[in-house]
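Source file entry.pdb; content: PDB, C-alpha atoms.
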```pdb
ATOM      1  CA  MET R   1       1.077  54.067  32.361
ATOM      2  CA  ASN R   2       4.429  52.664  31.158
ATOM      3  CA  SER R   3       3.330  49.078  31.688
ATOM      4  CA  THR R   4       0.166  49.755  29.686
ATOM      5  CA  LEU R   5       2.289  51.146  26.868
ATOM      6  CA  VAL R   6       4.636  48.134  26.974
ATOM      7  CA  SER R   7       1.675  45.743  26.983
ATOM      8  CA  ARG R   8       0.131  47.540  24.050
ATOM      9  CA  ASN R   9       3.410  47.391  22.082
ATOM     10  CA  VAL R  10       3.870  43.714  22.856
ATOM     11  CA  PHE R  11       0.290  43.070  21.723
ATOM     12  CA  LEU R  12       0.862  45.003  18.492
ATOM     13  CA  CYS R  13       4.097  43.092  17.853
ATOM     14  CA  VAL R  14       2.291  39.762  18.349
ATOM     15  CA  VAL R  15      -0.480  40.842  15.970
ATOM     16  CA  ALA R  16       2.072  42.024  13.395
ATOM     17  CA  LEU R  17       4.008  38.744  13.643
ATOM     18  CA  PHE R  18       0.778  36.754  13.255
ATOM     19  CA  ILE R  19      -0.249  38.724  10.173
ATOM     20  CA  ALA R  20       3.254  38.397   8.695
ATOM     21  CA  SER R  21       3.296  34.626   9.306
ATOM     22  CA  CYS R  22      -0.110  34.277   7.645
ATOM     23  CA  GLY R  23       1.200  36.164   4.643
ATOM     24  CA  THR R  24       4.278  33.936   4.432
ATOM     25  CA  ALA R  25       2.133  30.793   4.707
ATOM     26  CA  THR R  26      -0.170  32.016   1.965
ATOM     27  CA  PHE R  27       2.770  32.933  -0.224
ATOM     28  CA  THR R  28       4.413  29.518   0.333
ATOM     29  CA  LYS R  29       1.111  27.712  -0.287
ATOM     30  CA  THR R  30       0.669  29.616  -3.531
ATOM     31  CA  GLY R  31       4.177  28.572  -4.576
ATOM     32  CA  SER R  32       3.452  24.972  -3.647
ATOM     33  CA  ASP R  33       0.184  25.015  -5.625
ATOM     34  CA  ALA R  34       2.036  26.425  -8.626
ATOM     35  CA  THR R  35       4.564  23.561  -8.412
ATOM     36  CA  ILE R  36       1.729  21.016  -8.391
ATOM     37  CA  GLU R  37       0.091  22.714 -11.389
ATOM     38  CA  SER R  38       3.429  22.637 -13.205
ATOM     39  CA  LEU R  39       3.749  18.878 -12.513
ATOM     40  CA  ARG R  40       0.182  18.364 -13.744
ATOM     41  CA  ASN R  41       0.966  20.167 -17.017
ATOM     42  CA  PHE R  42       4.141  18.149 -17.451
ATOM     43  CA  GLU R  43       2.280  14.853 -16.975
ATOM     44  CA  LEU R  44      -0.576  15.824 -19.317
ATOM     45  CA  ALA R  45       1.965  16.818 -21.991
ATOM     46  CA  PHE R  46       3.733  13.485 -21.425
ATOM     47  CA  ILE R  47       0.472  11.614 -22.154
ATOM     48  CA  ASP R  48      -0.180  13.808 -25.207
ATOM     49  CA  GLU R  49       3.280  13.031 -26.557
ATOM     50  CA  PHE R  50       3.313   9.268 -26.049
ATOM     51  CA  ALA R  51      -0.300   8.082 -25.856
ATOM     52  CA  VAL R  52      -0.907   8.553 -29.562
ATOM     53  CA  PRO R  53      -2.615   5.684 -31.425
ATOM     54  CA  GLY R  54      -0.495   4.407 -34.300
ATOM     55  CA  LYS R  55       2.604   6.417 -33.360
ATOM     56  CA  LYS R  56       5.864   4.450 -33.454
ATOM     57  CA  PHE R  57       7.271   4.042 -29.949
ATOM     58  CA  ASN R  58      10.563   5.880 -29.456
ATOM     59  CA  ALA R  59      12.157   4.259 -26.396
ATOM     60  CA  ALA R  60      14.995   6.782 -26.124
ATOM     61  CA  ALA R  61      12.641   9.774 -26.221
ATOM     62  CA  PHE R  62      10.294   8.051 -23.775
ATOM     63  CA  ASN R  63      13.062   7.245 -21.283
ATOM     64  CA  GLY R  64      14.398  10.780 -21.586
ATOM     65  CA  LYS R  65      10.995  12.216 -20.709
ATOM     66  CA  VAL R  66      10.567   9.799 -17.783
ATOM     67  CA  ASN R  67      13.988  10.820 -16.435
ATOM     68  CA  GLU R  68      13.010  14.487 -16.795
ATOM     69  CA  GLY R  69       9.774  13.776 -14.913
ATOM     70  CA  ASN R  70      11.577  11.887 -12.142
ATOM     71  CA  ALA R  71      13.942  14.818 -11.671
ATOM     72  CA  LYS R  72      11.046  17.300 -11.547
ATOM     73  CA  PHE R  73       9.178  15.279  -8.914
ATOM     74  CA  GLN R  74      12.291  14.721  -6.791
ATOM     75  CA  GLN R  75      13.102  18.419  -6.918
ATOM     76  CA  ALA R  76       9.529  19.342  -5.995
ATOM     77  CA  ILE R  77       9.586  16.943  -3.012
ATOM     78  CA  ALA R  78      12.970  18.259  -1.820
ATOM     79  CA  ASP R  79      11.895  21.918  -2.194
ATOM     80  CA  GLU R  80       8.477  21.538  -0.548
ATOM     81  CA  LYS R  81       8.277  23.837   2.488
ATOM     82  CA  PHE R  82       4.982  22.410   3.753
ATOM     83  CA  THR R  83       5.895  19.097   5.342
ATOM     84  CA  ALA R  84       2.232  18.029   5.143
ATOM     85  CA  ARG R  85       2.407  18.426   1.366
ATOM     86  CA  ARG R  86       5.347  16.047   0.924
ATOM     87  CA  PRO R  87       3.276  12.821   1.125
ATOM     88  CA  VAL R  88       0.914  14.380  -1.429
ATOM     89  CA  LEU R  89       3.838  14.933  -3.808
ATOM     90  CA  VAL R  90       5.125  11.410  -3.131
ATOM     91  CA  ASN R  91       1.652  10.125  -4.039
ATOM     92  CA  LEU R  92       1.695  12.162  -7.266
ATOM     93  CA  LYS R  93       5.107  10.696  -8.074
ATOM     94  CA  GLY R  94       3.585   7.223  -7.558
ATOM     95  CA  GLN R  95       0.854   8.129 -10.051
ATOM     96  CA  PHE R  96       3.483   9.300 -12.564
ATOM     97  CA  ASP R  97       5.469   6.053 -12.139
ATOM     98  CA  ALA R  98       2.325   3.952 -12.669
ATOM     99  CA  ASP R  99       1.295   6.006 -15.724
ATOM    100  CA  ALA R 100       4.761   5.750 -17.258
ATOM    101  CA  ALA R 101       4.908   1.973 -16.714
ATOM    102  CA  HIS R 102       1.467   1.408 -18.250
ATOM    103  CA  LEU R 103       2.148   3.746 -21.154
ATOM    104  CA  GLN R 104       5.470   2.071 -21.929
ATOM    105  CA  SER R 105       3.859  -1.365 -21.841
ATOM    106  CA  LYS R 106       1.028  -0.342 -24.186
ATOM    107  CA  ALA R 107       2.890   2.004 -26.534
ATOM    108  CA  SER R 108       5.772  -0.418 -27.086
ATOM    109  CA  ARG R 109       3.215  -2.994 -28.312
ATOM    110  CA  GLY R 110       1.234  -0.490 -30.388
ATOM    111  CA  LYS R 111      -1.838  -0.901 -28.151
ATOM    112  CA  ILE R 112      -2.730   2.711 -27.478
ATOM    113  CA  THR R 113      -6.348   3.700 -28.095
ATOM    114  CA  PRO R 114      -7.906   7.192 -28.036
ATOM    115  CA  ALA R 115     -10.062   6.125 -25.066
ATOM    116  CA  LEU R 116      -6.964   5.048 -23.098
ATOM    117  CA  ALA R 117      -5.341   8.467 -23.586
ATOM    118  CA  THR R 118      -8.555  10.293 -22.609
ATOM    119  CA  GLU R 119      -9.107   8.197 -19.494
ATOM    120  CA  MET R 120      -5.481   8.538 -18.392
ATOM    121  CA  LYS R 121      -5.777  12.318 -18.636
ATOM    122  CA  ASN R 122      -9.065  12.216 -16.703
ATOM    123  CA  ASP R 123      -7.331  10.299 -13.900
ATOM    124  CA  ILE R 124      -4.386  12.704 -13.856
ATOM    125  CA  ASN R 125      -6.648  15.743 -13.590
ATOM    126  CA  LYS R 126      -8.707  14.111 -10.842
ATOM    127  CA  THR R 127      -5.622  13.130  -8.814
ATOM    128  CA  TYR R 128      -4.119  16.614  -9.076
ATOM    129  CA  ASP R 129      -7.446  18.266  -8.181
ATOM    130  CA  HIS R 130      -7.597  16.121  -5.045
ATOM    131  CA  ALA R 131      -3.971  16.975  -4.241
ATOM    132  CA  LEU R 132      -4.916  20.661  -4.403
ATOM    133  CA  GLY R 133      -7.952  20.049  -2.175
ATOM    134  CA  ARG R 134     -10.503  20.730  -4.931
TER
ATOM    135  CA  MET P 135     -16.154  14.888   2.105
ATOM    136  CA  PRO P 136     -18.969  13.470   4.250
ATOM    137  CA  LEU P 137     -20.453  10.109   3.477
ATOM    138  CA  ALA P 138     -24.194   9.676   3.864
ATOM    139  CA  GLY P 139     -25.226   7.512   6.784
ATOM    140  CA  LYS P 140     -28.363   6.356   5.039
ATOM    141  CA  LYS P 141     -28.890   5.046   1.569
ATOM    142  CA  LYS P 142     -29.891   7.579  -1.030
ATOM    143  CA  ARG P 143     -30.775   6.086  -4.367
ATOM    144  CA  LYS P 144     -31.518   7.742  -7.645
ATOM    145  CA  LYS P 145     -35.059   7.299  -8.875
ATOM    146  CA  PRO P 146     -35.143   4.622 -11.530
ATOM    147  CA  SER P 147     -35.625   6.336 -14.874
ATOM    148  CA  GLY P 148     -37.244   3.278 -16.433
ATOM    149  CA  LYS P 149     -34.650   3.420 -19.194
ATOM    150  CA  LYS P 150     -31.843   0.876 -19.141
ATOM    151  CA  SER P 151     -28.300   2.280 -19.123
ATOM    152  CA  GLU P 152     -25.678   1.027 -21.578
ATOM    153  CA  LEU P 153     -24.062  -0.873 -18.747
ATOM    154  CA  ASP P 154     -27.363  -2.474 -17.648
ATOM    155  CA  SER P 155     -27.913  -3.691 -21.204
ATOM    156  CA  ALA P 156     -24.380  -5.087 -21.352
ATOM    157  CA  LEU P 157     -24.752  -6.791 -17.974
ATOM    158  CA  GLY P 158     -28.073  -8.247 -19.115
ATOM    159  CA  GLN P 159     -26.214 -10.089 -21.852
ATOM    160  CA  ILE P 160     -24.076 -12.019 -19.356
ATOM    161  CA  SER P 161     -25.443 -15.550 -19.500
ATOM    162  CA  ASP P 162     -22.878 -17.188 -17.201
ATOM    163  CA  GLU P 163     -24.931 -18.415 -14.219
ATOM    164  CA  SER P 164     -21.835 -18.726 -12.023
ATOM    165  CA  VAL P 165     -21.503 -14.934 -11.895
ATOM    166  CA  ALA P 166     -25.224 -14.190 -11.429
ATOM    167  CA  ALA P 167     -24.913 -13.456  -7.689
ATOM    168  CA  THR P 168     -21.792 -11.342  -8.224
ATOM    169  CA  LYS P 169     -23.539  -9.400 -10.980
ATOM    170  CA  GLU P 170     -26.554  -8.757  -8.761
ATOM    171  CA  GLU P 171     -24.395  -7.566  -5.851
ATOM    172  CA  PHE P 172     -22.423  -5.348  -8.219
ATOM    173  CA  GLN P 173     -25.547  -3.719  -9.681
ATOM    174  CA  ASP P 174     -26.960  -3.106  -6.206
ATOM    175  CA  LEU P 175     -23.750  -1.542  -4.837
ATOM    176  CA  LEU P 176     -23.152   0.514  -7.975
ATOM    177  CA  SER P 177     -26.687   1.878  -7.803
ATOM    178  CA  GLN P 178     -26.172   2.853  -4.135
ATOM    179  CA  ALA P 179     -22.812   4.450  -4.928
ATOM    180  CA  LYS P 180     -24.229   6.476  -7.835
ATOM    181  CA  GLY P 181     -26.879   7.916  -5.530
ATOM    182  CA  ASP P 182     -24.602   8.604  -2.563
ATOM    183  CA  THR P 183     -24.268  12.112  -1.150
ATOM    184  CA  SER P 184     -20.477  12.008  -1.326
ATOM    185  CA  GLU P 185     -19.239  13.439  -4.628
ATOM    186  CA  LEU P 186     -16.169  11.219  -4.558
ATOM    187  CA  VAL P 187     -18.224   8.026  -4.167
ATOM    188  CA  ARG P 188     -20.527   9.091  -7.021
ATOM    189  CA  GLN P 189     -17.578  10.106  -9.207
ATOM    190  CA  ASN P 190     -15.901   6.745  -8.580
ATOM    191  CA  ALA P 191     -19.088   4.854  -9.540
ATOM    192  CA  GLU P 192     -19.569   6.916 -12.701
ATOM    193  CA  GLU P 193     -15.951   6.391 -13.781
ATOM    194  CA  LEU P 194     -16.253   2.682 -13.177
ATOM    195  CA  GLU P 195     -19.480   2.459 -15.184
ATOM    196  CA  ARG P 196     -17.975   4.450 -18.072
ATOM    197  CA  ARG P 197     -14.890   2.231 -18.161
ATOM    198  CA  LEU P 198     -16.909  -0.981 -18.113
ATOM    199  CA  VAL P 199     -18.830   0.309 -21.135
ATOM    200  CA  LEU P 200     -15.519   1.208 -22.853
ATOM    201  CA  LEU P 201     -14.269  -2.305 -22.096
ATOM    202  CA  LYS P 202     -17.408  -3.885 -23.485
ATOM    203  CA  LYS P 203     -17.046  -1.781 -26.664
ATOM    204  CA  ARG P 204     -13.347  -2.799 -26.843
ATOM    205  CA  LYS P 205     -12.198   0.823 -26.738
ATOM    206  CA  ILE P 206      -9.932  -0.161 -23.853
ATOM    207  CA  ASP P 207      -8.699  -3.664 -23.001
ATOM    208  CA  LYS P 208      -8.664  -5.615 -19.732
ATOM    209  CA  GLU P 209      -5.106  -4.425 -18.944
ATOM    210  CA  ASP P 210      -6.252  -0.816 -19.218
ATOM    211  CA  PHE P 211      -9.341  -1.530 -17.146
ATOM    212  CA  ASP P 212      -7.273  -3.156 -14.367
ATOM    213  CA  PHE P 213      -4.833  -0.219 -14.474
ATOM    214  CA  PHE P 214      -7.679   2.273 -13.991
ATOM    215  CA  VAL P 215      -9.176   0.214 -11.161
ATOM    216  CA  GLU P 216      -5.811   0.289  -9.364
ATOM    217  CA  ASN P 217      -5.629   4.078  -9.879
ATOM    218  CA  GLN P 218      -9.100   4.471  -8.404
ATOM    219  CA  LYS P 219      -8.213   2.271  -5.415
ATOM    220  CA  ARG P 220      -5.060   4.299  -4.700
ATOM    221  CA  ASP P 221      -7.037   7.528  -4.786
ATOM    222  CA  LEU P 222      -9.868   6.153  -2.638
ATOM    223  CA  ARG P 223      -7.727   4.777   0.180
ATOM    224  CA  VAL P 224      -6.852   8.334   1.221
ATOM    225  CA  PHE P 225     -10.561   9.220   1.200
ATOM    226  CA  ILE P 226     -11.596   6.171   3.262
ATOM    227  CA  ASP P 227      -8.893   6.813   5.866
ATOM    228  CA  SER P 228     -10.253  10.353   6.262
ATOM    229  CA  GLN P 229     -13.792   9.116   7.046
ATOM    230  CA  PRO P 230     -15.064   8.814  10.651
ATOM    231  CA  ALA P 231     -14.586   5.236  11.939
ATOM    232  CA  GLN P 232     -18.325   4.428  11.903
ATOM    233  CA  GLN P 233     -18.607   5.400   8.232
ATOM    234  CA  GLN P 234     -15.497   3.643   6.963
ATOM    235  CA  GLU P 235     -17.211   0.271   6.453
ATOM    236  CA  ARG P 236     -19.907   1.772   4.231
ATOM    237  CA  ALA P 237     -17.339   3.917   2.387
ATOM    238  CA  GLU P 238     -15.267   0.808   1.686
ATOM    239  CA  LYS P 239     -18.303  -1.128   0.482
ATOM    240  CA  LEU P 240     -19.348   1.580  -1.956
ATOM    241  CA  THR P 241     -15.849   2.151  -3.309
ATOM    242  CA  LEU P 242     -13.203  -0.578  -2.895
ATOM    243  CA  ARG P 243     -15.722  -3.449  -2.734
ATOM    244  CA  VAL P 244     -17.476  -2.226  -5.909
ATOM    245  CA  LEU P 245     -14.111  -2.039  -7.679
ATOM    246  CA  GLU P 246     -13.179  -5.564  -6.572
ATOM    247  CA  ILE P 247     -16.463  -7.050  -7.825
ATOM    248  CA  ALA P 248     -16.186  -5.022 -11.035
ATOM    249  CA  ALA P 249     -12.988  -6.887 -11.904
ATOM    250  CA  LYS P 250     -14.941 -10.183 -11.789
ATOM    251  CA  VAL P 251     -17.877  -8.747 -13.734
ATOM    252  CA  ALA P 252     -15.453  -7.345 -16.342
ATOM    253  CA  ILE P 253     -14.175 -10.838 -17.160
ATOM    254  CA  ALA P 254     -17.717 -12.046 -17.830
ATOM    255  CA  LEU P 255     -18.450  -8.917 -19.859
ATOM    256  CA  ILE P 256     -15.742  -9.453 -22.497
TER
END
```
Let me see whether you can do it: turn the structure in this file into structure tokens.
Amino acid sequence: MNSTLVSRNVFLCVVALFIASCGTATFTKTGSDATIESLRNFELAFIDEFAVPGKKFNAAAFNGKVNEGNAKFQQAIADEKFTARRPVLVNLKGQFDADAAHLQSKASRGKITPALATEMKNDINKTYDHALGR
Amino acid sequence: MPLAGKKKRKKPSGKKSELDSALGQISDESVAATKEEFQDLLSQAKGDTSELVRQNAEELERRLVLLKKRKIDKEDFDFFVENQKRDLRVFIDSQPAQQQERAEKLTLRVLEIAAKVAIALI
């Protein structure tokens, strides 16, 4: 009788722990997704600010924004609880670096076109959708 | 993201696309074979069952048309091709071994040939 009771309690504890761990994982995943969405919004705003045809290139403002972006990505990578998500964030950082380098090269020579800005934003959205498994 | 084992092509609509018209204007005989291979692979990719392969082909087609219309330049085009390659490598690595060759042909190979076609296009 007692052993049945102990077994039942152990079983209930295991079930409770499993449910709790699922909840934690979901909560952490939601937080991780929110971080990725925040990085997406930052990068889209970065394109909107600097990929403007005819706008004079402001190197100081550009470098300031790139530094802010680098800090955001590094923080996101360091804070990521899901180890499997870290390479995804590193990949997104690679995309940001490539975008910043191309944008600097084009904007500093006044060679931004509306189509370039649109296509860059398309690529950013696609990359982030893939990172979120969509 | 499964990749179709067999070819699935879109029915020809009978109407030439903007890209087909632009490619038709290439008179350089030295790129004729490359152009033909590109059109064949792009057509296969656009009709593939994998959304990512189709999306890649459609993006590539749109950007070639933008290049032809001078709405982007060759630097931009090359930048976008590199972006697409980076994104696709993850996809190809996730494919079963027997499907990787076809996945590569319809994605990375198409992008490589597109760079050659792009030069003739502008």
At a cut-off of 8 Å, can you tabulate as JSON lines every residue of chain P near chain R together with its closest atom pair and the distance in Å to one decimal, using only C-alpha atoms and ordering rows by chain then number?
```
{"residue": "P:Leu200", "atom": "CA", "partner": "R:Ala115", "partner_atom": "CA", "distance": 7.7}
{"residue": "P:Lys205", "atom": "CA", "partner": "R:Ala115", "partner_atom": "CA", "distance": 6.0}
{"residue": "P:Ile206", "atom": "CA", "partner": "R:Leu116", "partner_atom": "CA", "distance": 6.0}
{"residue": "P:Asp210", "atom": "CA", "partner": "R:Leu116", "partner_atom": "CA", "distance": 7.1}
{"residue": "P:Phe213", "atom": "CA", "partner": "R:His102", "partner_atom": "CA", "distance": 7.5}
{"residue": "P:Phe214", "atom": "CA", "partner": "R:Met120", "partner_atom": "CA", "distance": 8.0}
{"residue": "P:Asn217", "atom": "CA", "partner": "R:Asp123", "partner_atom": "CA", "distance": 7.6}
{"residue": "P:Asp221", "atom": "CA", "partner": "R:Thr127", "partner_atom": "CA", "distance": 7.0}
```
Quiz item: Counting all atoms listed in the file, what is within 12 Å of region 229-241 of chain P, bar same-chain residues fewer than 3 positions away, as a ChimeraX atom specification?
Solution: /P:135-141,171-194,215-216,218-226,244-248
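Taking CA of Leu157 (chain P) and CA of Asp207 (chain P) as endpoints, the distance between them is 17.1 Å.
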Box along x, y and z, 5 Å on every side, all listed atoms of region 80-95 of chain R inside: centre and edge lengths in Å to one decimal, as AutoDock Vina command-line options.
```
--center_x 4.7 --center_y 15.5 --center_z -2.4 --size_x 17.6 --size_y 26.6 --size_z 25.4
```
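Atom pair CA of Pro53 (chain R) / CA of Ile256 (chain P) has a distance of 21.9 Å (rounded to one decimal).
Proximity ranking of P:Arg243, P:Ser161, P:Lys250, P:Glu152 relative to Asp212 (chain P) places P:Lys250 first, based on all atoms listed in the file.
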Quiz item: Selected by the PyMOL selection byres ((chain P and resi 156) around 10) in the shown coordinates: which residues, as a PyMOL selection string?
Solution: chain P and resi 150-155+157-160+198-199+202-203+255-256
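Matched in the shown structure by the PyMOL selection byres ((chain R and resi 93) around 10): R:Leu39, R:Gly69, R:Asn70, R:Lys72, R:Phe73, R:Gln74, R:Ala76, R:Ile77, R:Pro87, R:Val88, R:Leu89, R:Val90, R:Asn91, R:Leu92, R:Gly94, R:Gln95, R:Phe96, R:Asp97, R:Ala98, R:Asp99.
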Self-check item: Nearest residue to Ala60 (chain R) from the set R:Phe82, R:Asp48, R:Ser108, R:Thr30 (distances using all atoms listed in the file)
Solution: R:Ser108
